[in-house]
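A.B. asks: Quick one: structure below, then a few questions.
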Amino acid sequence: MSFTETTLVVRGDIDSTAATCLATSVSDAATNGKLLIQHDGAVLAGNNAGALNGLIKLTAAHPQPDGSTAILTSSEFLRSDVKNIHYSRPATGNTQVITVGNLQAGMNSIRLEAKNGVEVYDVLGVTGINATEIVANFTNRADTERFKNVTMAVSGSNVQISVGPRGSDTIVTGDDALTVSVSSDNNGRKGQQDNVIALENRAYTSAGAYNQYEFPIVVPKSATVSGADYGIYTIEIEKTLPGRRKINEVISVCIADDEGDTNLLDALETALGSAVVDTTPPTGFTAASFTDNAGTGVTTYVIASDDAIYATLSGAFASDANFGTIVLSSSGAEADVTVSVSVDAVTARIVDLGVTASDYADGVTLTITATQTD
């Protein structure tokens, strides 16, 4: 059995017309970032409604710094070769907040471990006589490339560590006397630029770009765009060959900024005879405000008690899920808290932000904002 991966990075917001959401040629794909779909060698338009019973091929192309064009294409396959299709919408993930307390009068040591599964691949130790010195030593460290997704702040007499999501876990430990409390898991980040670059590199590895001997290694420049997020349409293919052999391929179509434009997804679903994607654009929420665990509140919140802090989302909702990000900001020294949310017309639109008023200094004013990501 052989296994290959193909990653095609395209734009989802190029064209709002169904008939022209697909590329008409390789040149059009390179110029406009569109996906090219061919059926028995013929180029398909985006509003093609016929059954595709012949060979299907998907292609993406993008210009390179030297003026050439990188053309990336899947193998030809039949609809009957498709074993599984799934689609993931972009999600920014959760920022993990870790509080280190009970600092001692002498020297204190905090250890950060970045982990991927069970493997520790990066370690950093930070020391200081109090929270202020620990935070200063971390902020002013010479090596700023490691733990770039980690920030530290003074929270009263404690050290508050914020770990931005990046697809790996960060474990915090310290001296025996120190206490470590964790607000949430650092997970759920998908469809961001570095996720798609990882898929591109896996595809190049699968194609043998990094397994050559005495030949120039040519790897195309990434087709991703900074600041874009990507919905990922994954097609798993298994072809049966003579001699009981099988060929497996995973095709990842990474669609940049697909919010509100479903023509490309409609075209893919039609071409492959699938119905796994809810292509009804969501009606987004319009605002977020503070609340208790029932009812609405105000847009700012002044700390005066130890109650849990909730948010409520307002606005019209479609029947499908809305994905978004809530950011809780403090007027004091406390770090921002970011929460990823998924809400629809059925579930309650009240979100537990995972913090309490005791996490903030008295009199601090909190501000809440919400952004729809899909």
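In the structure tokens, chains take the letters A, B, ... in the order shown, each chain's residues start at 1, and ligands count up from 1 in the order shown.
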Find the residues near A:Thr73: any atom within 7 Å, counting only C-alpha atoms, skip ones fewer than 4 places away on the same chain, and give them as an MDAnalysis selection string.

C.D. replies: chainID A and resid 58:60

A.B. asks: I need the alpha helix (DSSP H) residues of stretch 150-200 of chain A per DSSP on the backbone, written as a list in words.

C.D. replies: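 Everything in stretch 150-200 of chain A that counts as alpha helix (DSSP H) is Gln193, Asp194, Asn195, Val196, Ile197, Ala198, Leu199 and Glu200 of chain A.
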
A.B. asks: A:Gly231: which residues within 10 Å, counting only C-alpha atoms, same-chain residues fewer than 2 positions away excluded, as JSON, numbers by chain?

C.D. replies: {"A": [12, 87, 88, 89, 90, 91, 190, 191, 192, 196, 229, 233, 234, 252, 253, 254, 255, 256, 257, 258, 259, 265, 374]}

A.B. asks: I want to know what sits within 7 Å of A:Gly164, based on only C-alpha atoms, with residues of the same chain fewer than 4 positions away left out; could you give that as a list in words?

C.D. replies: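 In the requested form, the answer reads Thr95, Gln96, Asn149 and Val150 of chain A.
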
A.B. asks: Which one is closest to A:Pro165: A:Ala311, A:Val339, A:Val43, A:Ile368? Count only C-alpha atoms.

C.D. replies: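 Distance minimum relative to A:Pro165 lands on A:Val339.
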
A.B. asks: In Å to one decimal, how far is atom CA of A:Thr356 from atom CA of A:Ser330?

C.D. replies: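 Separation of atom CA of A:Ser330 and atom CA of A:Thr356: 12.7 Å.
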
A.B. asks: Quick one, how far is atom CA of A:Thr240 from atom CA of A:Gly273?

C.D. replies: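 Here the two named atoms are 20.2 Å from each other.
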
A.B. asks: Using only C-alpha atoms, determine which residues lie at most 7 Å from A:Lys239, disregarding the query and same-chain residues fewer than 6 positions distant; provide the list as a PDB file with C-alpha atoms, in the first residue's frame.

C.D. replies:
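Here's the written file around.pdb:
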ATOM      1  CA  ASP A  81     -12.690   5.932  -5.031  1.00  0.00           C
ATOM      2  CA  LYS A 246      -4.235  -0.303  -3.007  1.00  0.00           C
ATOM      3  CA  ILE A 247      -3.234   3.331  -3.376  1.00  0.00           C
ATOM      4  CA  ASN A 248      -4.343   5.842  -0.742  1.00  0.00           C
TER       5      ASN A 248
END
